[in-house]
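Following: one structure in structure tokens, then a few remarks.
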Protein chains: 2
Amino acid sequence: MTKAISYAAVSAKEKLAPFQFERREVGAKDIQIEILFCGVCHSDLHTARNEWQNSVYPVIPGHEIVGRVTSVGADVKAFKVGDLAGVGCLVDSCGVCEDCKDGLEQYCDQEVFTYNSPDKHTGKMTYGGYSNQIVVDEHFVLHISEKLDLAAVAPLLCAGITTYSPLKHWKVGPGSKVGVVGLGGLGHMAVKLAHAMGAHVVLFTTSSNKVADAKRLGADEVVISKNPDEMKAHLKSFDFILNTVAAAHNLDVFTELLKRDGTMCLNGVPEHAHPSPNIGSLIFKRRQIAGSLIGGIKETQEMLDFCAKHNITSDIEVIAIQDVNEAYERMIKGDVKYRFVIDMATLKD
Amino acid sequence: MTKAISYAAVSAKEKLAPFQFERREVGAKDIQIEILFCGVCHSDLHTARNEWQNSVYPVIPGHEIVGRVTSVGADVKAFKVGDLAGVGCLVDSCGVCEDCKDGLEQYCDQEVFTYNSPDKHTGKMTYGGYSNQIVVDEHFVLHISEKLDLAAVAPLLCAGITTYSPLKHWKVGPGSKVGVVGLGGLGHMAVKLAHAMGAHVVLFTTSSNKVADAKRLGADEVVISKNPDEMKAHLKSFDFILNTVAAAHNLDVFTELLKRDGTMCLNGVPEHAHPSPNIGSLIFKRRQIAGSLIGGIKETQEMLDFCAKHNITSDIEVIAIQDVNEAYERMIKGDVKYRFVIDMATLKD
């Protein structure tokens, strides 16, 4: 075991605070990474505060991890000490089921999340990236390009792959008309990625003050979704809509914008259920409502390579780890463009 | 114009009763059919009673029509007098949109239904198959095999194609595990068709007294959907589920039975909304909820040819047209195995 330092929540009611713990020894297939930056995802806050009623304390959040390899196990072939490396939402899976064999570890029934999941190696829970180092099986470690801003790469490991995976799965590319609902951490990545894939991208937002920014990020059009006339102009015209808004809302106003055989994919689980969707709207154009969860490891590497090629990173605000509790409050208010990233150099003994 | 006789509803409150009207003259591309049998679909009842609030009276229901050609227009090539012929839910569409070009006329924005739709030819509404004859553009007339029981073929024109189309679209075949929810007019056709396509078919019903019949019709397994243990045994195992139940019900108990990337397709618009589906159940296995509407003309012919090859017809109860009102009452109670078909020889001046 090696000593590690972190910021952790020790209960649902307490703020994140300095916390010492231990990482496992580096096994034959393991990679140890000095964490340089870690993005702040809304899931971190949900788990720190037990909003999903499944938190086991202490919770050390963080699954948008980038850093440098400091140690590799005897059997590790693809990484060497000094390499840049990334870790996303997953650190383990069964490896033998159909999902794992298809490179879709995120759907494995035995997937292990980077934090707050039972850890097969230690018998405790997994601890995430708000810490100085992490030890991960090499299968779940990603190669990171040296040419991008490292802090701005971190959010690709969750916000990036969560939007890239459905865009690829539903074959977005040149000739596609793609809608993105919501311009937050996920939405702003979806706009950048869909634009780089060659699609015609329409961003839906309720805030007229996001129009200019959405266009800067790559949206061809921006529609204020509260305006029925603006919405009506897009009826039956979309091949695919990626809906990144988790808050309960009327899904029908978006499904009606899909062409025949179009799909709306949801990325977020609402705390309170959406109004029940209009089944007639699905039937009369053979439309589909789907969900998608992060992405597989192979696909995450593909996404990182795609981002390096197209010079895509997240728009970020770098913070010291001592400011993470304040960042959570600002995140709740939507006051971030578009992702907080913790500079782990600020984490001291 | 030629005189025609029928049973019609003249208001939402009145029973169907004898009604005289006129059909258009046979145009160059038209076919006139002497109607021999017409199936009774639940949509007939909804429209006769204005339950969808869109009925224009008089309503002459009926869109599961089979009969013999009595006259053809000068430009008709595929039919001659004396041929068997069928007409389903559609009698017209724009012919030039993407949906029409793809042979999916049911999704055309200008589709014309067989009854209670504005009729481009007459300027009135279309009148359906509870009558002695009909005149239809040849594009919307189907060839019917002489080798099947004609009365039992009639329901294929709606119940058959409405289930065949999604089974084909979602690629059901050997190796597929397919669920069918509900054993009514649609469900019993779905079981027969999916079985003939080579799938492993599981019928879901709330009635234990339907088990034997479902197996006779081709179900490999029958699950009582009210029994959580029986349901649990099928978790994450279905490639596709065709849900034929329009009454509001909990969709989640079925979506949870889908494999990763599985689809549940709904055939019916509920009068009262289903409970809002669990989006988490979609996200954690990339599942989809879809809808599907009848089928295109080309696909309807394909279905009829498939049924002739596999000797598939509907299970029916033949009635005199004078008994149609009583049949409606029995249909509401689910007291029919599995489709009423009107013998049009009982319709007299």
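Chain identifiers are assigned as A, B, and so on, following the order in which chains appear in the structure tokens; residues are numbered from 1 within each chain, and ligands are numbered from 1 in order of appearance.
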Please identify the strand (DSSP E) residues within segment 6-246 of chain A (assignment by DSSP from backbone atoms) and present them as a ChimeraX atom specification. /A:6-8,17-23,30-40,65-72,84-87,90-92,112-113,133-137,142-143,177-181,200-205,221-224,238-243
If we count only C-alpha atoms and set the cut-off at 6 Å, which residues sit around segment 83-97 of chain B, ignoring sequence neighbours fewer than 4 positions away in its own chain? Please answer as number ranges by chain. B: 63-69, 110-114, 140-144, 157-158
Just write the chosen residues, C-alpha atoms, as a compact mmCIF listing (two decimals), in the first residue's frame.
# COMPACT_ATOMS: atom_id res chain seq x y z
CA HIS B 63 -59.65 -1.10 -43.28
CA GLU B 64 -59.08 -4.85 -43.45
CA ILE B 65 -60.67 -5.36 -46.83
CA VAL B 66 -60.55 -8.34 -49.17
CA GLY B 67 -62.60 -9.00 -52.27
CA ARG B 68 -62.60 -9.47 -56.04
CA VAL B 69 -61.77 -6.95 -58.73
CA GLN B 110 -50.22 13.60 -46.78
CA GLU B 111 -51.24 9.98 -46.25
CA VAL B 112 -54.94 9.31 -46.74
CA PHE B 113 -56.47 6.67 -44.50
CA THR B 114 -59.10 4.29 -45.82
CA PHE B 140 -52.72 0.91 -52.73
CA VAL B 141 -54.28 -2.40 -53.78
CA LEU B 142 -52.63 -5.65 -52.69
CA HIS B 143 -52.52 -9.06 -54.33
CA ILE B 144 -54.10 -11.83 -52.26
CA LEU B 157 -54.22 -5.91 -43.88
CA CYS B 158 -54.00 -4.07 -40.55
Only residues of chain B matter here; which ones have an atom within 7 Å of chain A, counting only C-alpha atoms? Give them as a list in words.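 Matching residues, ligands excluded from the count: Tyr107, Asn267, Val269, Ala273, His274, Pro275, Ser276, Pro277, Ile279, Gly280, Leu282, Ile283, Phe284, Lys285, Arg286, Arg287, Gln288, Ile289, Ala290, Gly291, Ser292 and Leu293 of chain B.
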Would you compute the distance between atom CA of Thr126 of chain B and atom CA of Gly184 of chain B? Give it in Å to one decimal. 27.0 Å
Using DSSP on the backbone, list every residue of segment 10-244 of chain B that comes out as helix (DSSP H, G or I), and give them as JSON, numbers by chain. {"B": [42, 43, 44, 45, 46, 47, 48, 98, 99, 100, 101, 105, 106, 107, 138, 139, 140, 150, 151, 152, 153, 154, 155, 156, 157, 159, 160, 161, 162, 163, 164, 165, 166, 167, 168, 169, 185, 186, 187, 188, 189, 190, 191, 192, 193, 194, 195, 196, 208, 209, 210, 211, 212, 213, 214, 215, 216, 217, 228, 229, 230, 231, 232]}
From the options B:Ile33, B:Val136, B:Asp229, B:Val201, which residue's atoms come nearest to Val81 of chain B, counting only C-alpha atoms?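 Among the listed residues, B:Ile33 lies closest to Val81 of chain B.
Remark: for Thr255 of chain B, the closest of the candidate residues B:Asp315, B:Asp239, B:Glu14, B:Glu271 is B:Asp239 (distances computed over only C-alpha atoms).
The space between atom CA of Ala28 of chain B and atom CA of Val153 of chain B spans 27.7 Å.
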From the options A:Val40, A:Ala17, A:Lys215, A:Asp305, which residue's atoms come nearest to Glu329 of chain A, counting only C-alpha atoms?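 Among the listed residues, A:Val40 lies closest to Glu329 of chain A.
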So that I can check the surroundings of segment 169-174 of chain A, please list as a PyMOL selection string every protein, DNA and RNA residue that reaches within 8 Å of it, counting only C-alpha atoms and ignoring chain neighbours fewer than 6 positions away. chain A and resi 194+197-200+240+263
Save out the residues we just selected, C-alpha atoms, as a PDB file, in the first residue's frame.
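result.pdb, freshly written:
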ATOM      1  CA  ALA A 194     -20.653  17.055 -33.673  1.00  0.00           C
ATOM      2  CA  MET A 197     -17.694  15.261 -37.228  1.00  0.00           C
ATOM      3  CA  GLY A 198     -19.081  17.419 -40.046  1.00  0.00           C
ATOM      4  CA  ALA A 199     -22.718  17.612 -38.938  1.00  0.00           C
ATOM      5  CA  HIS A 200     -25.037  20.613 -39.121  1.00  0.00           C
ATOM      6  CA  PHE A 240     -30.453  12.815 -34.160  1.00  0.00           C
ATOM      7  CA  THR A 263     -33.529   9.139 -32.402  1.00  0.00           C
TER       8      THR A 263
END
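Rounded to one decimal, atom CA of Ala212 of chain B and atom CA of Leu167 of chain B lie 23.3 Å from each other.
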Neighbours of Val72 of chain B within 10 Å (only C-alpha atoms; same-chain residues fewer than 4 positions away dropped), as a ChimeraX atom specification? /B:26-33,76-81,135-138
Shell of 8 Å around Val56 of chain B, only C-alpha atoms, local chain residues under 2 positions omitted, as a list of chain:residue names: B:Asn54, B:Pro58, B:Val59, B:Asn116, B:Met125
Atoms kept (N, CA, C and O atoms) for selection, written as a short mmCIF file (atom, residue, chain, number, x, y, z; two decimals), in the first residue's frame:
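Below is the file part24.cif, written as the result:
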data_model
loop_
_atom_site.label_atom_id
_atom_site.label_comp_id
_atom_site.auth_asym_id
_atom_site.auth_seq_id
_atom_site.Cartn_x
_atom_site.Cartn_y
_atom_site.Cartn_z
N ASN B 54 -61.78 13.19 -33.77
CA ASN B 54 -61.49 13.68 -35.12
C ASN B 54 -62.46 13.12 -36.16
O ASN B 54 -62.20 13.18 -37.36
N PRO B 58 -71.00 11.11 -41.92
CA PRO B 58 -71.04 9.71 -41.49
C PRO B 58 -69.65 9.05 -41.53
O PRO B 58 -68.84 9.38 -42.40
N VAL B 59 -69.43 8.12 -40.60
CA VAL B 59 -68.21 7.32 -40.60
C VAL B 59 -68.57 5.91 -41.07
O VAL B 59 -69.42 5.25 -40.47
N ASN B 116 -62.48 8.08 -42.88
CA ASN B 116 -62.40 9.29 -42.04
C ASN B 116 -61.18 10.17 -42.33
O ASN B 116 -60.64 10.82 -41.46
N MET B 125 -65.02 12.89 -47.23
CA MET B 125 -64.14 12.02 -46.46
C MET B 125 -64.06 10.65 -47.14
O MET B 125 -64.94 10.30 -47.95
#
Tell me which of A:Phe306, A:Tyr164, A:Tyr130, A:Tyr328 sits closest to Pro18 of chain A, counting only C-alpha atoms.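 Once distances to Pro18 of chain A are computed over only C-alpha atoms, the minimum belongs to A:Tyr130.
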